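> start29.txt is the file, holding compact mmCIF, C-alpha atoms:
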# COMPACT_ATOMS: atom_id res chain seq x y z
CA MET A 1 -29.08 -26.93 132.13
CA ARG A 2 -28.74 -23.32 132.71
CA PRO A 3 -30.83 -21.18 130.43
CA LYS A 4 -27.82 -19.33 128.94
CA THR A 5 -26.07 -22.55 128.14
CA CYS A 6 -29.17 -24.00 126.51
CA PHE A 7 -29.52 -20.97 124.28
CA ILE A 8 -26.00 -21.23 123.07
CA ALA A 9 -26.49 -24.89 122.24
CA ILE A 10 -29.64 -24.21 120.30
CA LEU A 11 -27.86 -21.39 118.36
CA VAL A 12 -24.96 -23.64 117.48
CA ALA A 13 -27.35 -26.36 116.29
CA ALA A 14 -29.21 -23.92 114.13
CA MET A 15 -26.00 -22.62 112.59
CA LEU A 16 -24.89 -26.17 111.80
CA ALA A 17 -28.24 -26.89 110.22
CA VAL A 18 -27.99 -23.76 108.12
CA ALA A 19 -24.45 -24.61 107.21
CA GLY A 20 -25.57 -28.09 106.12
CA CYS A 21 -28.30 -26.72 103.97
CA LEU A 22 -26.03 -24.22 102.42
CA GLY A 23 -23.58 -26.98 101.64
CA SER A 24 -26.23 -29.00 99.95
CA THR A 25 -27.37 -26.01 97.98
CA SER A 26 -23.83 -25.19 96.98
CA THR A 27 -23.33 -28.72 95.76
CA VAL A 28 -26.44 -28.65 93.65
CA GLY A 29 -25.50 -25.24 92.19
CA THR A 30 -22.07 -26.53 91.26
CA ALA A 31 -23.52 -29.54 89.48
CA THR A 32 -25.89 -27.39 87.56
CA THR A 33 -23.06 -25.10 86.48
CA GLU A 34 -21.02 -28.04 85.20
CA LYS A 35 -23.91 -29.22 83.04
CA THR A 36 -24.61 -25.74 81.60
CA VAL A 37 -21.07 -24.93 80.46
CA PRO A 38 -20.79 -27.75 77.87
CA VAL A 39 -24.13 -26.72 76.29
CA GLU A 40 -22.99 -23.13 75.83
CA ARG A 41 -19.65 -24.27 74.48
CA THR A 42 -21.40 -26.67 72.11
CA GLU A 43 -23.59 -23.90 70.75
CA THR A 44 -20.54 -21.68 70.35
CA ILE A 45 -18.61 -24.40 68.51
CA THR A 46 -21.62 -25.17 66.31
CA LYS A 47 -21.98 -21.53 65.35
CA THR A 48 -18.24 -21.27 64.70
CA VAL A 49 -18.20 -24.38 62.54
CA THR A 50 -21.22 -23.16 60.58
CA VAL A 51 -19.62 -19.76 59.92
CA THR A 52 -16.33 -21.39 59.01
CA GLU A 53 -17.99 -23.74 56.52
CA THR A 54 -19.82 -20.81 54.90
CA GLU A 55 -16.61 -18.84 54.62
CA TYR A 56 -14.87 -21.88 53.16
CA ILE A 57 -17.54 -22.32 50.49
CA VAL A 58 -17.37 -18.62 49.62
CA ASN A 59 -13.57 -18.66 49.54
CA GLN A 60 -13.56 -21.82 47.45
CA GLY A 61 -15.88 -20.21 44.87
CA ALA A 62 -13.74 -17.09 44.71
CA GLU A 63 -10.62 -19.21 44.30
CA THR A 64 -12.22 -21.16 41.45
CA GLU A 65 -13.16 -17.91 39.69
CA LEU A 66 -9.66 -16.54 40.17
CA ARG A 67 -8.17 -19.70 38.72
CA LYS A 68 -10.41 -19.40 35.65
CA ASN A 69 -9.40 -15.76 35.18
CA LEU A 70 -5.74 -16.65 35.62
CA THR A 71 -6.02 -19.47 33.08
CA ALA A 72 -7.70 -17.11 30.58
CA CYS A 73 -5.02 -14.48 31.13
CA LEU A 74 -2.26 -17.02 30.61
CA GLU A 75 -3.88 -18.22 27.37
CA ASN A 76 -4.21 -14.63 26.11
CA LEU A 77 -0.60 -14.02 27.00
CA ARG A 78 0.44 -17.14 25.09
CA LEU A 79 -1.48 -15.98 22.01
CA LEU A 80 0.01 -12.48 22.25
CA ASN A 81 3.51 -13.93 22.51
CA ALA A 82 2.86 -16.10 19.45
CA THR A 83 1.58 -13.08 17.51
CA LEU A 84 4.57 -11.05 18.64
CA ASN A 85 6.94 -13.76 17.47
CA ARG A 86 5.29 -13.92 14.05
CA THR A 87 5.37 -10.14 13.75
CA SER A 88 9.02 -10.11 14.72
CA GLU A 89 9.80 -12.73 12.07
CA SER A 90 7.92 -10.70 9.44
CA LEU A 91 9.81 -7.56 10.39
CA ASP A 92 13.10 -9.39 10.15
CA GLU A 93 12.12 -10.65 6.69
CA LEU A 94 11.15 -7.15 5.57
CA ARG A 95 14.41 -5.72 6.90
CA GLU A 96 16.34 -8.35 4.99
CA LYS A 97 14.47 -7.63 1.76
CA TYR A 98 14.96 -3.89 2.25
CA ARG A 99 18.68 -4.42 2.84
CA ASP A 100 18.92 -6.59 -0.28
CA CYS A 101 17.04 -3.92 -2.23
CA LEU A 102 19.52 -1.27 -1.13
CA LEU A 103 22.46 -3.45 -2.05
CA GLU A 104 21.00 -4.50 -5.41
CA LYS A 105 22.10 -2.45 -8.37
CA PRO A 106 19.08 -0.91 -10.12
CA ASN A 107 18.30 -1.90 -13.69
CA THR A 108 18.50 1.56 -15.17
CA ALA A 109 17.23 0.32 -18.53
CA GLU A 110 13.87 -0.59 -16.99
CA GLU A 111 13.49 1.56 -13.87
CA SER A 112 14.84 4.78 -15.32
CA PRO A 113 14.58 4.87 -19.11
CA PRO A 114 17.27 6.91 -20.86
CA VAL A 115 15.97 10.36 -21.66
CA GLU A 116 17.73 12.83 -23.95
CA LEU A 117 16.71 16.48 -24.07
CA LEU A 118 16.55 17.84 -27.61
CA VAL A 119 16.59 21.63 -27.96
CA ASP A 120 15.97 23.42 -31.27
CA ASP A 121 17.78 21.75 -34.20
CA ALA A 122 19.09 18.85 -32.05
CA TYR A 123 15.68 17.28 -32.55
CA TYR A 124 16.05 17.10 -36.33
CA ARG A 125 19.50 15.44 -36.17
CA SER A 126 18.29 12.78 -33.74
CA VAL A 127 14.99 11.98 -35.48
CA ILE A 128 16.43 11.72 -38.99
CA GLU A 129 19.01 9.20 -37.74
CA SER A 130 16.36 7.09 -36.00
CA LEU A 131 14.07 7.13 -39.04
CA ARG A 132 16.85 5.99 -41.31
CA SER A 133 17.77 3.13 -38.98
CA ALA A 134 14.20 1.95 -38.31
CA ARG A 135 13.68 -1.76 -38.96
CA GLU A 136 10.10 -2.65 -38.00
CA SER A 137 7.68 0.23 -37.55
CA ILE A 138 7.25 4.00 -37.44
CA TYR A 139 4.21 5.75 -35.94
CA VAL A 140 3.81 9.54 -36.28
CA THR A 141 1.13 11.95 -35.05
CA MET A 142 1.75 15.57 -36.09
CA PHE A 143 -0.16 18.80 -35.75
CA LEU A 144 1.73 20.38 -38.67
CA MET A 145 3.67 18.43 -41.32
CA LYS A 146 4.57 20.91 -44.07
CA TYR A 147 5.99 19.41 -47.26
CA ASP A 148 7.64 21.86 -49.70
CA PRO A 149 9.40 19.94 -52.52
CA THR A 150 10.66 23.18 -54.07
CA ASP A 151 12.88 23.93 -51.06
CA SER A 152 15.99 21.78 -51.14
CA TYR A 153 17.22 22.98 -47.71
CA ASP A 154 14.02 22.38 -45.77
CA HIS A 155 14.63 19.88 -42.95
CA ALA A 156 10.93 19.05 -42.80
CA ASN A 157 11.22 17.66 -46.33
CA ASP A 158 14.06 15.39 -45.17
CA LEU A 159 11.95 13.87 -42.37
CA ILE A 160 8.92 13.34 -44.61
CA ARG A 161 11.02 11.70 -47.32
CA ALA A 162 12.67 9.48 -44.67
CA LEU A 163 9.22 8.03 -43.98
CA VAL A 164 8.83 7.07 -47.63
CA GLU A 165 12.34 5.58 -47.71
CA ALA A 166 11.53 3.48 -44.62
CA ARG A 167 8.32 2.23 -46.24
CA ARG A 168 10.31 1.16 -49.29
CA ARG A 169 12.65 -0.83 -47.00
CA GLY A 170 9.67 -2.78 -45.71
CA VAL A 171 9.09 -0.82 -42.52
CA ASN A 172 5.46 -0.37 -41.51
CA VAL A 173 4.76 3.38 -41.46
CA TYR A 174 1.61 4.95 -40.00
CA VAL A 175 0.87 8.70 -39.89
CA ILE A 176 -2.01 10.76 -38.47
CA LEU A 177 -2.27 14.47 -39.34
CA GLU A 178 -4.46 17.27 -38.01
CA ASN A 179 -7.49 17.63 -40.22
CA GLY A 180 -7.88 21.41 -39.86
CA ILE A 181 -4.45 22.48 -41.24
CA GLU A 182 -4.44 23.16 -44.99
CA ASP A 183 -0.62 22.91 -45.16
CA ASN A 184 -0.90 19.23 -44.19
CA ARG A 185 -2.57 18.39 -47.50
CA ALA A 186 0.69 18.32 -49.51
CA ALA A 187 2.36 15.98 -47.04
CA TYR A 188 -0.74 13.77 -46.97
CA ASP A 189 -0.81 13.46 -50.76
CA TYR A 190 2.94 12.79 -51.02
CA LEU A 191 2.92 10.07 -48.34
CA ARG A 192 -0.23 8.40 -49.63
CA SER A 193 1.07 8.31 -53.19
CA ASN A 194 4.18 6.49 -51.92
CA GLY A 195 2.38 3.74 -50.02
CA VAL A 196 2.46 5.20 -46.54
CA ASP A 197 -0.62 4.58 -44.37
CA VAL A 198 -1.64 8.19 -43.64
CA VAL A 199 -4.97 9.57 -42.40
CA PHE A 200 -6.44 12.78 -41.02
CA ASP A 201 -7.80 12.78 -37.50
CA SER A 202 -11.47 13.37 -36.63
CA PRO A 203 -12.69 16.85 -37.62
CA SER A 204 -14.38 17.21 -34.23
CA ILE A 205 -11.08 16.99 -32.30
CA THR A 206 -7.83 18.93 -32.74
CA LEU A 207 -4.75 16.72 -32.98
CA HIS A 208 -2.04 18.80 -31.33
CA THR A 209 0.44 16.02 -30.45
CA LYS A 210 3.90 15.85 -31.96
CA MET A 211 4.86 12.23 -31.41
CA VAL A 212 7.09 9.66 -33.11
CA VAL A 213 7.44 5.99 -32.01
CA ILE A 214 10.08 3.86 -33.73
CA ASP A 215 10.45 0.06 -33.55
CA GLY A 216 8.24 -0.08 -30.44
CA ARG A 217 10.96 1.35 -28.22
CA VAL A 218 12.27 4.77 -29.25
CA VAL A 219 9.94 7.70 -28.54
CA TYR A 220 10.16 11.35 -29.58
CA ILE A 221 7.68 13.74 -28.04
CA GLY A 222 7.65 17.49 -27.46
CA SER A 223 6.91 20.79 -29.17
CA HIS A 224 8.56 20.25 -32.57
CA ASN A 225 6.26 20.24 -35.58
CA TRP A 226 7.63 18.97 -38.89
CA SER A 227 7.96 22.37 -40.51
CA GLU A 228 10.87 24.53 -41.56
CA ALA A 229 9.99 27.12 -38.91
CA ALA A 230 9.93 24.60 -36.05
CA LEU A 231 13.05 22.74 -37.14
CA ASP A 232 15.24 25.71 -38.14
CA TRP A 233 13.98 28.99 -36.67
CA ASN A 234 11.83 28.57 -33.59
CA HIS A 235 12.88 27.80 -30.03
CA GLU A 236 11.51 24.29 -29.53
CA VAL A 237 12.20 21.49 -27.06
CA SER A 238 11.44 17.76 -27.18
CA VAL A 239 12.77 14.56 -25.59
CA ARG A 240 13.99 11.22 -26.88
CA ILE A 241 13.06 8.29 -24.62
CA GLU A 242 14.12 4.67 -24.90
CA SER A 243 11.41 2.66 -23.18
CA GLN A 244 9.32 -0.23 -24.45
CA GLU A 245 6.71 0.40 -21.77
CA ILE A 246 6.25 4.06 -22.70
CA ALA A 247 6.25 3.20 -26.39
CA GLU A 248 3.48 0.62 -25.89
CA THR A 249 1.38 3.12 -23.96
CA LEU A 250 1.75 5.73 -26.72
CA LEU A 251 0.92 3.17 -29.40
CA GLU A 252 -2.34 2.45 -27.58
CA TYR A 253 -2.99 6.19 -27.58
CA PHE A 254 -2.21 6.26 -31.31
CA GLY A 255 -4.81 3.57 -31.87
CA GLU A 256 -7.43 5.55 -29.94
CA ILE A 257 -6.77 8.63 -32.06
CA ARG A 258 -6.91 6.53 -35.25
CA ARG A 259 -10.29 5.12 -34.26
CA GLY A 260 -11.57 8.61 -33.42
CA TYR A 261 -12.36 7.51 -29.84
For the file at hand, write its structure as structure tokens.


Amino acid sequence: MRPKTCFIAILVAAMLAVAGCLGSTSTVGTATTEKTVPVERTETITKTVTVTETEYIVNQGAETELRKNLTACLENLRLLNATLNRTSESLDELREKYRDCLLEKPNTAEESPPVELLVDDAYYRSVIESLRSARESIYVTMFLMKYDPTDSYDHANDLIRALVEARRRGVNVYVILENGIEDNRAAYDYLRSNGVDVVFDSPSITLHTKMVVIDGRVVYIGSHNWSEAALDWNHEVSVRIESQEIAETLLEYFGEIRRGY
């Protein structure tokens, strides 16, 4: 064989040998790659599953807490609605009562007792009529009660004598006079001698009231004393009130004065 030809043959053989080796190496490398890929994928899947499970547990806990809060909110809302309904019913009831109150005619005899203003000598004319028509009781507290039997035109005499006349009819008559007025002595003696229950108030306190309560309902109160000056000359003003409630209150006051507090 010619040397050139032999060289070429040897070169070709070497290339084939190299090619064979490379093929074997390539085959082994491919096999190794196929085995490695599943391991990496497995690790990736494992990590993913682990993260997903953790997130699920966390999300499940948060959802449970949210459900509890939602349930509590719904219960509070139910209670508020129930309270609102009761309040609404109460308001409706109050509106109805208020409407009925507006439509109801007031009992003027109890809520607004009749009051009559008595100026100057109007007082005498009203009181003398009430004293003469009294049937059960007469209570009088007076700062000045001046009795002058020598004066036939003195209106104070008329009122004082009306007390005695009422006592003779069986009416219970009680009188309290101011202790520090000397002019009250004549009236005190006259009333006492005719069976009227009359006393002076405590010396330590001035009795300045001018009050008459008749039959536990009719009340006279104001500035009028039982004297000729007050009944005929002075400017005086008093009121006549028809009220059992006011009369009872003043009778309690009368009792306190009588006991000297």

> Near Ser152 of chain A, counting all atoms listed in the file, which residues have an atom at most 12 Å away, once you skip same-chain residues fewer than 5 positions from it, shown as number ranges by chain?

A: 147, 157-158, 161, 228

> Using only C-alpha atoms, determine which residues lie at most 6 Å from segment 175-180 of chain A, disregarding the query and same-chain residues fewer than 6 positions distant; provide the list as a PyMOL selection string.

chain A and resi 139-143+198-201+203+207

> Please, could you write that set of residues out with C-alpha atoms as a PDB file, in the frame of the given file?


ATOM      1  CA  TYR A 139       4.210   5.750 -35.940  1.00  0.00           C
ATOM      2  CA  VAL A 140       3.810   9.540 -36.280  1.00  0.00           C
ATOM      3  CA  THR A 141       1.130  11.950 -35.050  1.00  0.00           C
ATOM      4  CA  MET A 142       1.750  15.570 -36.090  1.00  0.00           C
ATOM      5  CA  PHE A 143      -0.160  18.800 -35.750  1.00  0.00           C
ATOM      6  CA  VAL A 198      -1.640   8.190 -43.640  1.00  0.00           C
ATOM      7  CA  VAL A 199      -4.970   9.570 -42.400  1.00  0.00           C
ATOM      8  CA  PHE A 200      -6.440  12.780 -41.020  1.00  0.00           C
ATOM      9  CA  ASP A 201      -7.800  12.780 -37.500  1.00  0.00           C
ATOM     10  CA  PRO A 203     -12.690  16.850 -37.620  1.00  0.00           C
ATOM     11  CA  LEU A 207      -4.750  16.720 -32.980  1.00  0.00           C
TER      12      LEU A 207
END

> Nearest residue to Leu159 of chain A out of A:Leu84, A:Arg125, A:Leu74, A:Lys97, using all atoms listed in the file?

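Result for the nearest residue to Leu159 of chain A: A:Arg125.
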
> At a cut-off of 8 Å around the point (8.0, 9.3, -33.6) (file coordinates), what residues fall inside when counting only C-alpha atoms? I'd like the answer as a list in words.

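Taken together, the residues in range are Val127, Ile138, Tyr139, Val140, Thr141, Lys210, Met211, Val212, Val213, Ile214, Val218, Val219, Tyr220 and Ile221 of chain A.
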
> Those same residues, written as a PDB file, in the frame of the given file with C-alpha atoms?


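Wrote it out as part.pdb, contents follow:
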ATOM      1  CA  VAL A 127      14.990  11.980 -35.480  1.00  0.00           C
ATOM      2  CA  ILE A 138       7.250   4.000 -37.440  1.00  0.00           C
ATOM      3  CA  TYR A 139       4.210   5.750 -35.940  1.00  0.00           C
ATOM      4  CA  VAL A 140       3.810   9.540 -36.280  1.00  0.00           C
ATOM      5  CA  THR A 141       1.130  11.950 -35.050  1.00  0.00           C
ATOM      6  CA  LYS A 210       3.900  15.850 -31.960  1.00  0.00           C
ATOM      7  CA  MET A 211       4.860  12.230 -31.410  1.00  0.00           C
ATOM      8  CA  VAL A 212       7.090   9.660 -33.110  1.00  0.00           C
ATOM      9  CA  VAL A 213       7.440   5.990 -32.010  1.00  0.00           C
ATOM     10  CA  ILE A 214      10.080   3.860 -33.730  1.00  0.00           C
ATOM     11  CA  VAL A 218      12.270   4.770 -29.250  1.00  0.00           C
ATOM     12  CA  VAL A 219       9.940   7.700 -28.540  1.00  0.00           C
ATOM     13  CA  TYR A 220      10.160  11.350 -29.580  1.00  0.00           C
ATOM     14  CA  ILE A 221       7.680  13.740 -28.040  1.00  0.00           C
TER      15      ILE A 221
END

> Quote the spacing between atom CA of Val171 of chain A and atom CA of Ser137 of chain A in Å to one decimal place.

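Value for the atom CA of Val171 of chain A-atom CA of Ser137 of chain A distance: 5.3 Å.
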
> Residues at most 6 Å from segment 238-253 of chain A, counting all atoms listed in the file, excluding those fewer than 5 positions away in the same chain, as an mmCIF file with C-alpha atoms, in the coordinates of the input?


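Generated output (selection.cif):
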data_model
loop_
_atom_site.group_PDB
_atom_site.id
_atom_site.type_symbol
_atom_site.label_atom_id
_atom_site.label_comp_id
_atom_site.auth_asym_id
_atom_site.auth_seq_id
_atom_site.Cartn_x
_atom_site.Cartn_y
_atom_site.Cartn_z
ATOM 1 C CA PRO A 113 14.580 4.870 -19.110
ATOM 2 C CA PRO A 114 17.270 6.910 -20.860
ATOM 3 C CA VAL A 115 15.970 10.360 -21.660
ATOM 4 C CA GLU A 116 17.730 12.830 -23.950
ATOM 5 C CA LEU A 117 16.710 16.480 -24.070
ATOM 6 C CA LEU A 118 16.550 17.840 -27.610
ATOM 7 C CA GLY A 216 8.240 -0.080 -30.440
ATOM 8 C CA ARG A 217 10.960 1.350 -28.220
ATOM 9 C CA VAL A 218 12.270 4.770 -29.250
ATOM 10 C CA VAL A 219 9.940 7.700 -28.540
ATOM 11 C CA TYR A 220 10.160 11.350 -29.580
ATOM 12 C CA ILE A 221 7.680 13.740 -28.040
ATOM 13 C CA GLY A 222 7.650 17.490 -27.460
ATOM 14 C CA SER A 223 6.910 20.790 -29.170
#
